[in-house]
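Asks: Submitted below is the structure of interest, expressed as structure tokens.
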Amino acid sequence: MKKRYLLGFLTACLWGTGMLSAQTAVSDTLKFVFKLHGQTRRYQVVFCQQGENIQMNWGIERNLRWQSGSYTMTPEALKNGKQLCFLQPEDGNHLTLSSLETAYVLPQKALQQLKEKGSMEFNRTVYDRVADESEKNAGRPLLHVVDRHEGGEMWIWDNSSLPVVWRMKNNPLEINWQVEVK
């Protein structure tokens, strides 16, 4: 049953909007695993091109029912955004984020600043890069950064077209996650 929902969800995404080019997207469905206050939730996620926007379609089986929704990010947000959206996914919600927000993706400007200066300011926080690029996913290194003041950590998929925040740990909001490729 779960496979049928997932296949339907992926087919609708691919048919309706088309996948991002191979250099931009992860070829597989991603599994975002969230841990918050002792609970674990596993969301199936696909990033799709929709016109000039990027849409992050998500789905999860909860209470024996498939729930889904999406976050749409504008080109301006993907280029120059200043904050991550921390809105909890709600069944049936298809949100278009402001030009300042991204969902689980670092804006290209912040990634460029991180690579050029070794630190970046994002989400009203300064992050310093940790010199450890041994970890890779989907053939690209994960850039490890640490919040200068509170110790929160992020691992960012080093892909200038779609720098996914692959993992978040010790977040002051206590929202931690990790991406797994199925």
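Here's how to read the names in the structure tokens: chain A, B, ... by the order shown, residue numbers from 1 in each chain, ligand numbers from 1 in the order shown.
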Can you pull out every residue within 7 Å of Ile54 in chain A, counting only C-alpha atoms, but drop anything in the same chain fewer than 2 positions away, and send it as a PyMOL selection string?

Replies: chain A and resi 47-50+52+56+72-74

Asks: With only C-alpha atoms as the counted atoms, please give the residues lying no more than 12 Å from Ser99 in chain A, apart from itself and same-chain residues fewer than 3 positions off, as a PDB file with all heavy atoms, in the first residue's frame.

Replies:
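File around29.pdb, as written:
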ATOM      1  N   ASN A  53      10.472  28.151 -10.421  1.00  0.00           N
ATOM      2  CA  ASN A  53      10.549  27.796  -9.008  1.00  0.00           C
ATOM      3  C   ASN A  53      11.033  26.367  -8.816  1.00  0.00           C
ATOM      4  O   ASN A  53      10.982  25.550  -9.720  1.00  0.00           O
ATOM      5  CB  ASN A  53       9.167  27.933  -8.355  1.00  0.00           C
ATOM      6  CG  ASN A  53       8.633  29.339  -8.412  1.00  0.00           C
ATOM      7  OD1 ASN A  53       9.375  30.303  -8.297  1.00  0.00           O
ATOM      8  ND2 ASN A  53       7.335  29.472  -8.593  1.00  0.00           N
ATOM      9  N   THR A  72       7.162  25.599  -2.080  1.00  0.00           N
ATOM     10  CA  THR A  72       7.680  26.137  -3.331  1.00  0.00           C
ATOM     11  C   THR A  72       8.608  27.294  -3.000  1.00  0.00           C
ATOM     12  O   THR A  72       8.252  28.190  -2.233  1.00  0.00           O
ATOM     13  CB  THR A  72       6.531  26.609  -4.248  1.00  0.00           C
ATOM     14  OG1 THR A  72       5.690  25.482  -4.516  1.00  0.00           O
ATOM     15  CG2 THR A  72       7.058  27.169  -5.548  1.00  0.00           C
ATOM     16  N   MET A  73       9.807  27.241  -3.594  1.00  0.00           N
ATOM     17  CA  MET A  73      10.825  28.273  -3.356  1.00  0.00           C
ATOM     18  C   MET A  73      11.053  29.057  -4.642  1.00  0.00           C
ATOM     19  O   MET A  73      11.213  28.470  -5.712  1.00  0.00           O
ATOM     20  CB  MET A  73      12.123  27.619  -2.889  1.00  0.00           C
ATOM     21  CG  MET A  73      11.971  26.919  -1.551  1.00  0.00           C
ATOM     22  SD  MET A  73      13.391  25.876  -1.118  1.00  0.00           S
ATOM     23  CE  MET A  73      12.940  24.351  -1.945  1.00  0.00           C
ATOM     24  N   THR A  74      11.088  30.373  -4.508  1.00  0.00           N
ATOM     25  CA  THR A  74      11.267  31.246  -5.666  1.00  0.00           C
ATOM     26  C   THR A  74      12.739  31.313  -6.070  1.00  0.00           C
ATOM     27  O   THR A  74      13.624  31.025  -5.252  1.00  0.00           O
ATOM     28  CB  THR A  74      10.797  32.674  -5.338  1.00  0.00           C
ATOM     29  OG1 THR A  74      11.665  33.223  -4.329  1.00  0.00           O
ATOM     30  CG2 THR A  74       9.348  32.689  -4.848  1.00  0.00           C
ATOM     31  N   PRO A  75      13.020  31.710  -7.309  1.00  0.00           N
ATOM     32  CA  PRO A  75      14.417  31.871  -7.736  1.00  0.00           C
ATOM     33  C   PRO A  75      15.179  32.865  -6.853  1.00  0.00           C
ATOM     34  O   PRO A  75      16.348  32.652  -6.549  1.00  0.00           O
ATOM     35  CB  PRO A  75      14.303  32.387  -9.173  1.00  0.00           C
ATOM     36  CG  PRO A  75      12.956  31.978  -9.640  1.00  0.00           C
ATOM     37  CD  PRO A  75      12.086  31.960  -8.416  1.00  0.00           C
ATOM     38  N   GLU A  76      14.516  33.928  -6.416  1.00  0.00           N
ATOM     39  CA  GLU A  76      15.163  34.925  -5.549  1.00  0.00           C
ATOM     40  C   GLU A  76      15.566  34.302  -4.214  1.00  0.00           C
ATOM     41  O   GLU A  76      16.652  34.534  -3.704  1.00  0.00           O
ATOM     42  CB  GLU A  76      14.237  36.122  -5.326  1.00  0.00           C
ATOM     43  CG  GLU A  76      14.797  37.186  -4.414  1.00  0.00           C
ATOM     44  CD  GLU A  76      16.068  37.855  -4.926  1.00  0.00           C
ATOM     45  OE1 GLU A  76      16.298  37.892  -6.149  1.00  0.00           O
ATOM     46  OE2 GLU A  76      16.857  38.334  -4.085  1.00  0.00           O
ATOM     47  N   ALA A  77      14.678  33.499  -3.636  1.00  0.00           N
ATOM     48  CA  ALA A  77      14.988  32.832  -2.359  1.00  0.00           C
ATOM     49  C   ALA A  77      16.152  31.864  -2.534  1.00  0.00           C
ATOM     50  O   ALA A  77      17.045  31.808  -1.693  1.00  0.00           O
ATOM     51  CB  ALA A  77      13.770  32.097  -1.828  1.00  0.00           C
ATOM     52  N   LEU A  78      16.140  31.100  -3.631  1.00  0.00           N
ATOM     53  CA  LEU A  78      17.205  30.134  -3.868  1.00  0.00           C
ATOM     54  C   LEU A  78      18.546  30.815  -4.123  1.00  0.00           C
ATOM     55  O   LEU A  78      19.597  30.253  -3.844  1.00  0.00           O
ATOM     56  CB  LEU A  78      16.842  29.227  -5.043  1.00  0.00           C
ATOM     57  CG  LEU A  78      15.688  28.275  -4.755  1.00  0.00           C
ATOM     58  CD1 LEU A  78      15.149  27.697  -6.051  1.00  0.00           C
ATOM     59  CD2 LEU A  78      16.116  27.185  -3.795  1.00  0.00           C
ATOM     60  N   LYS A  79      18.503  32.020  -4.611  1.00  0.00           N
ATOM     61  CA  LYS A  79      19.738  32.755  -4.876  1.00  0.00           C
ATOM     62  C   LYS A  79      20.202  33.544  -3.656  1.00  0.00           C
ATOM     63  O   LYS A  79      21.355  33.461  -3.256  1.00  0.00           O
ATOM     64  CB  LYS A  79      19.534  33.694  -6.060  1.00  0.00           C
ATOM     65  CG  LYS A  79      20.781  34.401  -6.496  1.00  0.00           C
ATOM     66  CD  LYS A  79      20.543  35.232  -7.732  1.00  0.00           C
ATOM     67  CE  LYS A  79      21.839  35.911  -8.141  1.00  0.00           C
ATOM     68  NZ  LYS A  79      21.626  36.807  -9.280  1.00  0.00           N
ATOM     69  N   ASN A  80      19.300  34.317  -3.030  1.00  0.00           N
ATOM     70  CA  ASN A  80      19.703  35.262  -1.978  1.00  0.00           C
ATOM     71  C   ASN A  80      18.948  35.115  -0.665  1.00  0.00           C
ATOM     72  O   ASN A  80      19.004  36.015   0.163  1.00  0.00           O
ATOM     73  CB  ASN A  80      19.490  36.700  -2.475  1.00  0.00           C
ATOM     74  CG  ASN A  80      20.328  37.023  -3.671  1.00  0.00           C
ATOM     75  OD1 ASN A  80      21.522  36.773  -3.690  1.00  0.00           O
ATOM     76  ND2 ASN A  80      19.698  37.574  -4.702  1.00  0.00           N
ATOM     77  N   GLY A  81      18.221  34.032  -0.455  1.00  0.00           N
ATOM     78  CA  GLY A  81      17.419  33.878   0.760  1.00  0.00           C
ATOM     79  C   GLY A  81      18.220  34.110   2.030  1.00  0.00           C
ATOM     80  O   GLY A  81      19.434  33.971   2.057  1.00  0.00           O
ATOM     81  N   LYS A  82      17.530  34.447   3.090  1.00  0.00           N
ATOM     82  CA  LYS A  82      18.209  34.793   4.339  1.00  0.00           C
ATOM     83  C   LYS A  82      17.834  33.872   5.499  1.00  0.00           C
ATOM     84  O   LYS A  82      18.429  33.947   6.553  1.00  0.00           O
ATOM     85  CB  LYS A  82      17.882  36.234   4.712  1.00  0.00           C
ATOM     86  CG  LYS A  82      18.244  37.223   3.625  1.00  0.00           C
ATOM     87  CD  LYS A  82      18.821  38.466   4.200  1.00  0.00           C
ATOM     88  CE  LYS A  82      19.163  39.468   3.135  1.00  0.00           C
ATOM     89  NZ  LYS A  82      20.380  39.192   2.437  1.00  0.00           N
ATOM     90  N   GLN A  83      16.817  33.007   5.311  1.00  0.00           N
ATOM     91  CA  GLN A  83      16.398  32.166   6.423  1.00  0.00           C
ATOM     92  C   GLN A  83      15.781  30.859   5.955  1.00  0.00           C
ATOM     93  O   GLN A  83      15.249  30.770   4.861  1.00  0.00           O
ATOM     94  CB  GLN A  83      15.404  32.918   7.311  1.00  0.00           C
ATOM     95  CG  GLN A  83      14.142  33.327   6.597  1.00  0.00           C
ATOM     96  CD  GLN A  83      13.339  34.349   7.376  1.00  0.00           C
ATOM     97  OE1 GLN A  83      13.904  35.184   8.065  1.00  0.00           O
ATOM     98  NE2 GLN A  83      12.039  34.279   7.274  1.00  0.00           N
ATOM     99  N   LEU A  84      15.883  29.861   6.834  1.00  0.00           N
ATOM    100  CA  LEU A  84      15.229  28.575   6.603  1.00  0.00           C
ATOM    101  C   LEU A  84      13.804  28.642   7.125  1.00  0.00           C
ATOM    102  O   LEU A  84      13.550  29.248   8.167  1.00  0.00           O
ATOM    103  CB  LEU A  84      15.958  27.455   7.351  1.00  0.00           C
ATOM    104  CG  LEU A  84      17.184  26.839   6.718  1.00  0.00           C
ATOM    105  CD1 LEU A  84      17.804  25.811   7.643  1.00  0.00           C
ATOM    106  CD2 LEU A  84      16.890  26.227   5.372  1.00  0.00           C
ATOM    107  N   CYS A  85      12.912  28.002   6.424  1.00  0.00           N
ATOM    108  CA  CYS A  85      11.534  27.869   6.879  1.00  0.00           C
ATOM    109  C   CYS A  85      11.478  26.685   7.839  1.00  0.00           C
ATOM    110  O   CYS A  85      11.896  25.588   7.493  1.00  0.00           O
ATOM    111  CB  CYS A  85      10.625  27.632   5.675  1.00  0.00           C
ATOM    112  SG  CYS A  85       8.946  27.199   6.131  1.00  0.00           S
ATOM    113  N   THR A  96       3.851  28.478  -0.822  1.00  0.00           N
ATOM    114  CA  THR A  96       4.858  29.205  -1.577  1.00  0.00           C
ATOM    115  C   THR A  96       5.551  30.114  -0.574  1.00  0.00           C
ATOM    116  O   THR A  96       4.913  30.974   0.035  1.00  0.00           O
ATOM    117  CB  THR A  96       4.233  30.026  -2.723  1.00  0.00           C
ATOM    118  OG1 THR A  96       3.592  29.117  -3.616  1.00  0.00           O
ATOM    119  CG2 THR A  96       5.299  30.802  -3.476  1.00  0.00           C
ATOM    120  N   THR A 102      13.920  29.624   2.327  1.00  0.00           N
ATOM    121  CA  THR A 102      14.085  28.353   1.642  1.00  0.00           C
ATOM    122  C   THR A 102      13.662  27.238   2.592  1.00  0.00           C
ATOM    123  O   THR A 102      13.646  27.426   3.806  1.00  0.00           O
ATOM    124  CB  THR A 102      15.549  28.129   1.197  1.00  0.00           C
ATOM    125  OG1 THR A 102      16.389  28.155   2.352  1.00  0.00           O
ATOM    126  CG2 THR A 102      15.998  29.166   0.186  1.00  0.00           C
ATOM    127  N   ALA A 103      13.356  26.095   2.048  1.00  0.00           N
ATOM    128  CA  ALA A 103      12.992  24.933   2.860  1.00  0.00           C
ATOM    129  C   ALA A 103      14.046  23.859   2.648  1.00  0.00           C
ATOM    130  O   ALA A 103      14.133  23.273   1.570  1.00  0.00           O
ATOM    131  CB  ALA A 103      11.610  24.415   2.465  1.00  0.00           C
ATOM    132  N   PRO A 107      20.642  28.924   0.368  1.00  0.00           N
ATOM    133  CA  PRO A 107      20.702  29.786  -0.814  1.00  0.00           C
ATOM    134  C   PRO A 107      22.110  29.796  -1.420  1.00  0.00           C
ATOM    135  O   PRO A 107      23.109  29.628  -0.719  1.00  0.00           O
ATOM    136  CB  PRO A 107      20.344  31.168  -0.272  1.00  0.00           C
ATOM    137  CG  PRO A 107      19.638  30.900   1.007  1.00  0.00           C
ATOM    138  CD  PRO A 107      20.238  29.645   1.555  1.00  0.00           C
TER     139      PRO A 107
END

Asks: Determine, counting only C-alpha atoms, which protein, DNA and RNA residues have an atom within 12 Å of an atom of Gly92 in chain A; residues of the same chain fewer than 6 positions away are not included. Present the result as a PyMOL selection string.

Replies: chain A and resi 57-60+66-71

Asks: Please produce a file of the residues just selected, as a short mmCIF file (atom, residue, chain, number, x, y, z; two decimals), in the first residue's frame, where the atoms kept are C-alpha atoms.

Replies:
data_model
loop_
_atom_site.label_atom_id
_atom_site.label_comp_id
_atom_site.auth_asym_id
_atom_site.auth_seq_id
_atom_site.Cartn_x
_atom_site.Cartn_y
_atom_site.Cartn_z
CA ASN A 57 7.14 17.73 -2.51
CA TRP A 58 6.92 15.73 0.67
CA GLY A 59 4.90 12.76 1.85
CA ILE A 60 4.65 10.61 4.97
CA TRP A 66 -0.70 8.97 3.43
CA GLN A 67 -0.18 12.70 4.03
CA SER A 68 1.52 15.07 1.61
CA GLY A 69 2.15 18.69 0.71
CA SER A 70 4.79 20.94 -0.75
CA TYR A 71 7.00 23.98 -0.27
#

Asks: Taking only range 71-143 of chain A into account, list the residues labelled strand (DSSP E) by DSSP (computed from the backbone), as a list in words.

Replies: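 Reading the DSSP output for range 71-143 of chain A, strand (DSSP E) covers Tyr71, Thr72, Met73, Gln83, Leu84, His94, Leu95, Thr96, Glu101, Thr102, Ser119, Met120, Glu121, Phe122, Thr125, Val126, Tyr127, Asp128, Arg129, Val130, Lys136, Asn137, Arg140, Pro141, Leu142 and Leu143 of chain A.
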
Asks: Please measure the separation of CA of Leu30 in chain A and CA of Gln55 in chain A, giving the value in Å to one decimal.

Replies: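 The value is 13.8 Å.
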